[in-house]
Structures are given as C-alpha cells and as structure tokens.
file entry28.pdb (PDB, C-alpha atoms, pLDDT in the B column)
ATOM      1  CA  MET L1370       0.000   0.000   0.000  1.00 58.00           C
ATOM      2  CA  LEU L1371       1.309   3.434  -0.956  1.00 68.00           C
ATOM      3  CA  ASN L1372       1.865   5.672   2.075  1.00 83.00           C
ATOM      4  CA  GLN L1373       0.509   9.056   1.052  1.00 84.00           C
ATOM      5  CA  ARG L1374       2.233  11.017   3.833  1.00 85.00           C
ATOM      6  CA  GLY L1375       5.581   9.301   3.142  1.00 87.00           C
ATOM      7  CA  VAL L1376       5.427  10.218  -0.541  1.00 85.00           C
ATOM      8  CA  ALA L1377       4.460  13.796   0.393  1.00 86.00           C
ATOM      9  CA  ARG L1378       7.464  14.088   2.767  1.00 88.00           C
ATOM     10  CA  PHE L1379       9.754  12.745   0.023  1.00 88.00           C
ATOM     11  CA  ALA L1380       8.370  15.334  -2.443  1.00 86.00           C
ATOM     12  CA  GLU L1381       8.829  18.161   0.073  1.00 89.00           C
ATOM     13  CA  LYS L1382      12.419  17.122   0.800  1.00 90.00           C
ATOM     14  CA  HIS L1383      13.556  16.616  -2.793  1.00 90.00           C
ATOM     15  CA  MET L1384      11.351  18.920  -4.861  1.00 93.00           C
ATOM     16  CA  MET L1385      11.116  22.010  -2.619  1.00 95.00           C
ATOM     17  CA  PRO L1386      14.629  23.348  -2.041  1.00 95.00           C
ATOM     18  CA  ASP L1387      13.718  27.041  -2.156  1.00 96.00           C
ATOM     19  CA  LEU L1388      12.318  29.509   0.374  1.00 97.00           C
ATOM     20  CA  VAL L1389       9.457  31.816  -0.658  1.00 97.00           C
ATOM     21  CA  ARG L1390       7.088  34.337   0.878  1.00 98.00           C
ATOM     22  CA  VAL L1391       3.520  34.404  -0.438  1.00 97.00           C
ATOM     23  CA  SER L1392       1.555  37.538   0.387  1.00 96.00           C
ATOM     24  CA  ARG L1393      -1.952  38.784  -0.330  1.00 95.00           C
ATOM     25  CA  LYS L1394      -3.190  42.363  -0.521  1.00 90.00           C
ATOM     26  CA  SER L1395      -6.052  42.797   1.917  1.00 83.00           C
ATOM     27  CA  GLY L1396      -7.817  45.568   0.025  1.00 80.00           C
ATOM     28  CA  GLU L1397      -8.351  47.361   3.332  1.00 85.00           C
ATOM     29  CA  GLU L1398      -7.136  50.837   4.101  1.00 85.00           C
ATOM     30  CA  ILE L1399      -5.867  52.163   7.403  1.00 87.00           C
ATOM     31  CA  LEU L1400      -5.640  55.715   8.636  1.00 86.00           C
ATOM     32  CA  ASN L1401      -2.155  57.189   8.816  1.00 86.00           C
ATOM     33  CA  PRO L1402      -2.348  59.425  11.910  1.00 89.00           C
ATOM     34  CA  GLU L1403       0.613  61.540  10.793  1.00 90.00           C
ATOM     35  CA  THR L1404      -0.854  62.489   7.398  1.00 88.00           C
ATOM     36  CA  GLY L1405      -4.558  61.972   8.074  1.00 88.00           C
ATOM     37  CA  THR L1406      -4.889  59.950   4.854  1.00 90.00           C
ATOM     38  CA  LEU L1407      -6.047  56.415   4.204  1.00 88.00           C
ATOM     39  CA  GLU L1408      -3.287  54.095   3.023  1.00 88.00           C
ATOM     40  CA  PRO L1409      -3.320  50.458   1.891  1.00 85.00           C
ATOM     41  CA  ALA L1410      -2.923  48.001   4.769  1.00 86.00           C
ATOM     42  CA  ALA L1411       0.208  45.838   4.845  1.00 88.00           C
ATOM     43  CA  PRO L1412      -0.147  42.618   2.823  1.00 90.00           C
ATOM     44  CA  LEU L1413      -1.056  39.436   4.681  1.00 92.00           C
ATOM     45  CA  VAL L1414       1.681  36.779   4.600  1.00 95.00           C
ATOM     46  CA  VAL L1415      -0.072  33.561   3.554  1.00 94.00           C
ATOM     47  CA  HIS L1416       3.005  31.305   3.514  1.00 96.00           C
ATOM     48  CA  GLU L1417       6.668  31.729   4.259  1.00 97.00           C
ATOM     49  CA  GLY L1418       8.597  28.533   3.864  1.00 96.00           C
ATOM     50  CA  LYS L1419       9.787  25.902   1.474  1.00 96.00           C
ATOM     51  CA  ALA L1420       8.700  25.631  -2.117  1.00 97.00           C
ATOM     52  CA  GLY L1421       9.895  24.481  -5.512  1.00 96.00           C
ATOM     53  CA  LEU L1422       9.810  26.751  -8.576  1.00 95.00           C
ATOM     54  CA  TYR L1423       9.766  25.085 -11.997  1.00 93.00           C
ATOM     55  CA  PRO L1424       9.537  26.621 -15.477  1.00 90.00           C
ATOM     56  CA  GLN L1425       6.721  25.579 -17.742  1.00 83.00           C
ATOM     57  CA  GLN L1426       6.433  26.883 -21.287  1.00 70.00           C
ATOM     58  CA  GLU L1427       2.906  27.554 -22.407  1.00 66.00           C
ATOM     59  CA  LYS L1428       1.911  27.413 -26.056  1.00 61.00           C
ATOM     60  CA  ILE L1429      -0.944  29.755 -26.915  1.00 60.00           C
ATOM     61  CA  ARG L1430      -2.857  29.660 -30.137  1.00 62.00           C
ATOM     62  CA  ALA L1431      -5.015  32.654 -30.978  1.00 62.00           C
ATOM     63  CA  LYS L1432      -6.731  34.036 -34.016  1.00 61.00           C
ATOM     64  CA  GLY L1433      -4.722  36.812 -35.666  1.00 62.00           C
ATOM     65  CA  ARG L1434      -5.818  40.421 -35.926  1.00 64.00           C
ATOM     66  CA  ASP L1435      -8.856  41.185 -38.060  1.00 65.00           C
ATOM     67  CA  GLY L1436      -9.795  37.509 -38.207  1.00 65.00           C
ATOM     68  CA  GLY L1437      -6.545  36.579 -39.920  1.00 63.00           C
ATOM     69  CA  ALA L1438      -4.612  33.344 -39.651  1.00 65.00           C
ATOM     70  CA  TRP L1439      -4.046  31.616 -36.330  1.00 66.00           C
ATOM     71  CA  ALA L1440      -0.890  32.757 -34.557  1.00 66.00           C
ATOM     72  CA  GLU L1441       1.077  30.711 -32.053  1.00 68.00           C
ATOM     73  CA  GLU L1442       2.918  32.265 -29.163  1.00 66.00           C
ATOM     74  CA  ILE L1443       5.062  30.611 -26.521  1.00 65.00           C
ATOM     75  CA  ARG L1444       5.029  32.244 -23.096  1.00 66.00           C
ATOM     76  CA  ALA L1445       7.088  31.410 -20.063  1.00 69.00           C
ATOM     77  CA  GLY L1446       5.068  30.273 -17.091  1.00 84.00           C
ATOM     78  CA  TYR L1447       6.017  28.700 -13.800  1.00 92.00           C
ATOM     79  CA  ARG L1448       4.704  26.019 -11.461  1.00 93.00           C
ATOM     80  CA  LEU L1449       5.123  26.490  -7.740  1.00 95.00           C
ATOM     81  CA  LEU L1450       5.120  23.377  -5.584  1.00 95.00           C
ATOM     82  CA  LEU L1451       4.166  23.850  -1.942  1.00 96.00           C
ATOM     83  CA  PRO L1452       3.637  21.548   1.039  1.00 94.00           C
ATOM     84  CA  LEU L1453       0.121  20.150   1.269  1.00 91.00           C
ATOM     85  CA  ALA L1454      -0.488  21.927   4.600  1.00 91.00           C
ATOM     86  CA  VAL L1455      -0.204  25.400   3.009  1.00 93.00           C
ATOM     87  CA  ALA L1456      -3.499  27.318   2.900  1.00 91.00           C
ATOM     88  CA  GLU L1457      -5.099  27.697  -0.522  1.00 92.00           C
ATOM     89  CA  LEU L1458      -3.556  30.484  -2.577  1.00 94.00           C
ATOM     90  CA  GLU L1459      -5.720  32.913  -4.513  1.00 93.00           C
ATOM     91  CA  GLU L1460      -5.329  34.548  -7.891  1.00 93.00           C
ATOM     92  CA  HIS L1461      -3.107  37.648  -7.689  1.00 93.00           C
ATOM     93  CA  ASP L1462      -1.255  36.492  -4.548  1.00 95.00           C
ATOM     94  CA  GLU L1463       2.391  37.552  -4.857  1.00 95.00           C
ATOM     95  CA  VAL L1464       5.305  35.126  -4.492  1.00 96.00           C
ATOM     96  CA  LEU L1465       8.753  36.468  -3.590  1.00 96.00           C
ATOM     97  CA  VAL L1466      11.743  34.119  -3.829  1.00 96.00           C
ATOM     98  CA  LEU L1467      13.840  34.604  -0.675  1.00 97.00           C
ATOM     99  CA  GLU L1468      16.388  31.779  -1.112  1.00 97.00           C
ATOM    100  CA  ALA L1469      16.964  29.430  -4.028  1.00 96.00           C
ATOM    101  CA  ARG L1470      19.445  26.923  -5.396  1.00 94.00           C
ATOM    102  CA  ASP L1471      19.542  29.114  -8.510  1.00 93.00           C
ATOM    103  CA  ALA L1472      20.909  32.424  -7.222  1.00 94.00           C
ATOM    104  CA  GLN L1473      19.324  34.298 -10.160  1.00 93.00           C
ATOM    105  CA  ALA L1474      15.852  33.410  -8.831  1.00 93.00           C
ATOM    106  CA  VAL L1475      16.381  35.263  -5.545  1.00 95.00           C
ATOM    107  CA  GLY L1476      14.452  38.546  -5.478  1.00 94.00           C
ATOM    108  CA  ARG L1477      12.110  37.667  -8.316  1.00 94.00           C
ATOM    109  CA  THR L1478       8.410  38.036  -7.784  1.00 94.00           C
ATOM    110  CA  TYR L1479       5.587  36.109  -9.396  1.00 94.00           C
ATOM    111  CA  GLU L1480       1.830  36.430  -9.465  1.00 94.00           C
ATOM    112  CA  VAL L1481      -0.508  33.488  -8.916  1.00 94.00           C
ATOM    113  CA  THR L1482      -2.581  33.176 -12.099  1.00 90.00           C
ATOM    114  CA  THR L1483      -5.054  30.428 -11.174  1.00 86.00           C
ATOM    115  CA  LEU L1484      -6.361  28.570  -8.171  1.00 85.00           C
ATOM    116  CA  GLY L1485      -4.209  25.638  -7.091  1.00 86.00           C
ATOM    117  CA  GLU L1486      -4.665  22.209  -8.597  1.00 87.00           C
ATOM    118  CA  VAL L1487      -6.567  19.584  -6.631  1.00 87.00           C
ATOM    119  CA  SER L1488      -6.310  15.800  -6.704  1.00 87.00           C
ATOM    120  CA  SER L1489      -7.995  12.682  -5.362  1.00 85.00           C
ATOM    121  CA  PHE L1490      -4.550  11.636  -4.082  1.00 84.00           C
ATOM    122  CA  PRO L1491      -3.004  14.940  -2.910  1.00 85.00           C
ATOM    123  CA  LEU L1492       0.726  14.964  -2.190  1.00 88.00           C
ATOM    124  CA  LEU L1493       1.583  18.642  -2.529  1.00 91.00           C
ATOM    125  CA  ARG L1494       0.057  21.908  -3.696  1.00 93.00           C
ATOM    126  CA  THR L1495       0.662  23.097  -7.242  1.00 93.00           C
ATOM    127  CA  VAL L1496      -0.134  26.636  -8.379  1.00 93.00           C
ATOM    128  CA  TRP L1497       0.610  28.382 -11.655  1.00 91.00           C
ATOM    129  CA  LEU L1498       2.562  31.627 -11.760  1.00 92.00           C
ATOM    130  CA  GLU L1499       3.544  34.381 -14.114  1.00 89.00           C
ATOM    131  CA  GLN L1500       6.737  36.341 -13.541  1.00 87.00           C
ATOM    132  CA  HIS L1501       5.898  39.758 -12.215  1.00 77.00           C
ATOM    133  CA  ASP L1502       9.049  41.660 -11.332  1.00 71.00           C
ATOM    134  CA  ARG L1503      12.586  41.359 -10.079  1.00 62.00           C
ATOM    135  CA  SER L1504      13.701  43.503  -7.186  1.00 58.00           C
ATOM    136  CA  ALA L1505      17.204  44.888  -7.076  1.00 48.00           C
ATOM    137  CA  SER L1506      19.553  42.521  -5.255  1.00 47.00           C
TER
END
call {"tool": "encode", "arguments": {"input": "entry28.pdb", "output": "structure tokens"}}
result
Amino acid sequence: MLNQRGVARFAEKHMMPDLVRVSRKSGEEILNPETGTLEPAAPLVVHEGKAGLYPQQEKIRAKGRDGGAWAEEIRAGYRLLLPLAVAELEEHDEVLVLEARDAQAVGRTYEVTTLGEVSSFPLLRTVWLEQHDRSAS
C-alpha cells in the first residue's frame, strides 16, 4: 500500500529546495495618523517557507488580428510546488523568492494566475505563476 504522507514528505524534501514568501493584498485601508490619509494596509503573509519553482512553457494559439490566420505564441510560465499543509492560494497572490538553489531566482516576484490544482490523491500543492518583477539585489 502506498503511504501518502511518506510520498508527500519525500516530495517536500527533494522537490522544494527554495524559500518563498507568499503575500496577499487585503484591500483594506488604514488611517495614517501623521498624514490623516487612508493608506493600503500591509499585505497578509499567507506562507513563508519551502517551495519548488519550476519553469513551464505555455503554447498559446489565438486568431490573428482582423480575423486573420491563427498565430502561435510561446510564453514562459512557472509552477510552484508547496507543502500540502499550506493554505489555498488565490489569484493575484504575490510570491517572492527569498532563497533558491539558482541564485538568479532570488528577489524575483511572481503572481498566482489560477487557483491551485486539486487531486484525489493529494501529495503537494501546485499553483501556476507568471513572472511579475525582479527587485534589485
């Protein structure tokens, strides 16, 4: 019999070598007593911990301008693997890479583009990302 938790631990250990912070804008505003103005509240940190970031090319086929021929475009996308215990991420959550095996990934930010995948035999969380920005290192 396959031990679901054992497989999940193996996946976390070998497929999630990076450290990320996932944050969500609350949409709320708070009063700044010094200026008397409303300002956006600090983002809520949804997850800070291990993850695995993997590239995934996406082939898009769309009708050309003015009903012309079909055009194909290849866009870079990313999959983010997270431990199963992580709360569900939402579209537009922001992912910041804090530590990574690939030093060039550190400081990059990504936006969650869809709700996470679900499975009848869940081992880890998978969400799809689009690169958003890269902060100065």
call {"tool": "residues_around", "arguments": {"input": "entry28.pdb", "residues": "range 1468-1475 of chain L", "least_positions_apart": "6", "cutoff": "7 Å", "atoms": "only C-alpha atoms", "output": "PyMOL selection string"}}
result
chain L and resi 1386-1389
call {"tool": "write_last_selection", "arguments": {"input": "entry28.pdb", "atoms": "C-alpha atoms", "output": "PDB file, keeping the file's coordinate frame"}}
result
ATOM      1  CA  PRO L1386      14.629  23.348  -2.041  1.00 95.00           C
ATOM      2  CA  ASP L1387      13.718  27.041  -2.156  1.00 96.00           C
ATOM      3  CA  LEU L1388      12.318  29.509   0.374  1.00 97.00           C
ATOM      4  CA  VAL L1389       9.457  31.816  -0.658  1.00 97.00           C
TER       5      VAL L1389
END
call {"tool": "atom_distance", "arguments": {"input": "entry28.pdb", "atom1": "CA of Lys1394 in chain L", "atom2": "CA of Leu1413 in chain L"}}
result
6.3 Å
call {"tool": "closest_residue", "arguments": {"input": "entry28.pdb", "among": "L:Asn1401, L:Gln1500, L:Ser1395, L:Thr1478", "to": "Val1464 in chain L", "atoms": "all atoms listed in the file"}}
result
L:Thr1478
call {"tool": "residues_around", "arguments": {"input": "entry28.pdb", "residues": "Ala1456 in chain L", "least_positions_apart": "6", "cutoff": "10 Å", "atoms": "only C-alpha atoms", "output": "ChimeraX atom specification"}}
result
/L:1415-1416,1494
call {"tool": "resolve_selection", "arguments": {"input": "entry28.pdb", "expression": "the PyMOL selection byres ((chain L and resi 1490) around 12)", "output": "PyMOL selection string"}}
result
chain L and resi 1371-1374+1376-1377+1453+1486-1489+1491-1494
call {"tool": "closest_residue", "arguments": {"input": "entry28.pdb", "among": "L:Val1481, L:Ala1411, L:Met1385, L:Leu1449", "to": "His1461 in chain L", "atoms": "all atoms listed in the file"}}
result
L:Val1481
call {"tool": "closest_residue", "arguments": {"input": "entry28.pdb", "among": "L:Asp1502, L:Glu1460, L:Glu1381, L:Glu1403", "to": "Tyr1479 in chain L", "atoms": "only C-alpha atoms"}}
result
L:Asp1502
call {"tool": "atom_distance", "arguments": {"input": "entry28.pdb", "atom1": "CA of Lys1382 in chain L", "atom2": "CA of Ala1454 in chain L"}}
result
14.3 Å
call {"tool": "resolve_selection", "arguments": {"input": "entry28.pdb", "expression": "the PyMOL selection byres ((chain L and resi 1398) around 6)", "output": "PyMOL selection string"}}
result
chain L and resi 1397+1399+1407-1410
call {"tool": "atom_distance", "arguments": {"input": "entry28.pdb", "atom1": "CA of Gly1375 in chain L", "atom2": "CA of Leu1450 in chain L"}}
result
16.6 Å
call {"tool": "residues_near_point", "arguments": {"input": "entry28.pdb", "point": "(0.2, 33.2, -12.6)", "cutoff": "9 Å", "atoms": "only C-alpha atoms", "output": "list in words"}}
result
Gly1446, Tyr1447, Arg1448, Glu1460, His1461, Asp1462, Tyr1479, Glu1480, Val1481, Thr1482, Thr1483, Val1496, Trp1497, Leu1498, Glu1499, Gln1500 and His1501 of chain L
call {"tool": "write_last_selection", "arguments": {"input": "entry28.pdb", "atoms": "C-alpha atoms", "output": "mmCIF file, in the coordinates of the input"}}
result
data_model
loop_
_atom_site.group_PDB
_atom_site.id
_atom_site.type_symbol
_atom_site.label_atom_id
_atom_site.label_comp_id
_atom_site.auth_asym_id
_atom_site.auth_seq_id
_atom_site.Cartn_x
_atom_site.Cartn_y
_atom_site.Cartn_z
ATOM 1 C CA GLY L 1446 5.068 30.273 -17.091
ATOM 2 C CA TYR L 1447 6.017 28.700 -13.800
ATOM 3 C CA ARG L 1448 4.704 26.019 -11.461
ATOM 4 C CA GLU L 1460 -5.329 34.548 -7.891
ATOM 5 C CA HIS L 1461 -3.107 37.648 -7.689
ATOM 6 C CA ASP L 1462 -1.255 36.492 -4.548
ATOM 7 C CA TYR L 1479 5.587 36.109 -9.396
ATOM 8 C CA GLU L 1480 1.830 36.430 -9.465
ATOM 9 C CA VAL L 1481 -0.508 33.488 -8.916
ATOM 10 C CA THR L 1482 -2.581 33.176 -12.099
ATOM 11 C CA THR L 1483 -5.054 30.428 -11.174
ATOM 12 C CA VAL L 1496 -0.134 26.636 -8.379
ATOM 13 C CA TRP L 1497 0.610 28.382 -11.655
ATOM 14 C CA LEU L 1498 2.562 31.627 -11.760
ATOM 15 C CA GLU L 1499 3.544 34.381 -14.114
ATOM 16 C CA GLN L 1500 6.737 36.341 -13.541
ATOM 17 C CA HIS L 1501 5.898 39.758 -12.215
#
call {"tool": "closest_residue", "arguments": {"input": "entry28.pdb", "among": "L:Leu1400, L:Leu1458, L:Val1466, L:Leu1484", "to": "Ala1420 in chain L", "atoms": "all atoms listed in the file"}}
result
L:Val1466
call {"tool": "closest_residue", "arguments": {"input": "entry28.pdb", "among": "L:Met1384, L:Glu1463, L:Phe1379, L:Gly1396", "to": "Val1414 in chain L", "atoms": "all atoms listed in the file"}}
result
L:Glu1463
call {"tool": "closest_residue", "arguments": {"input": "entry28.pdb", "among": "L:Leu1465, L:Glu1457, L:Thr1495, L:Leu1451", "to": "Ser1392 in chain L", "atoms": "only C-alpha atoms"}}
result
L:Leu1465
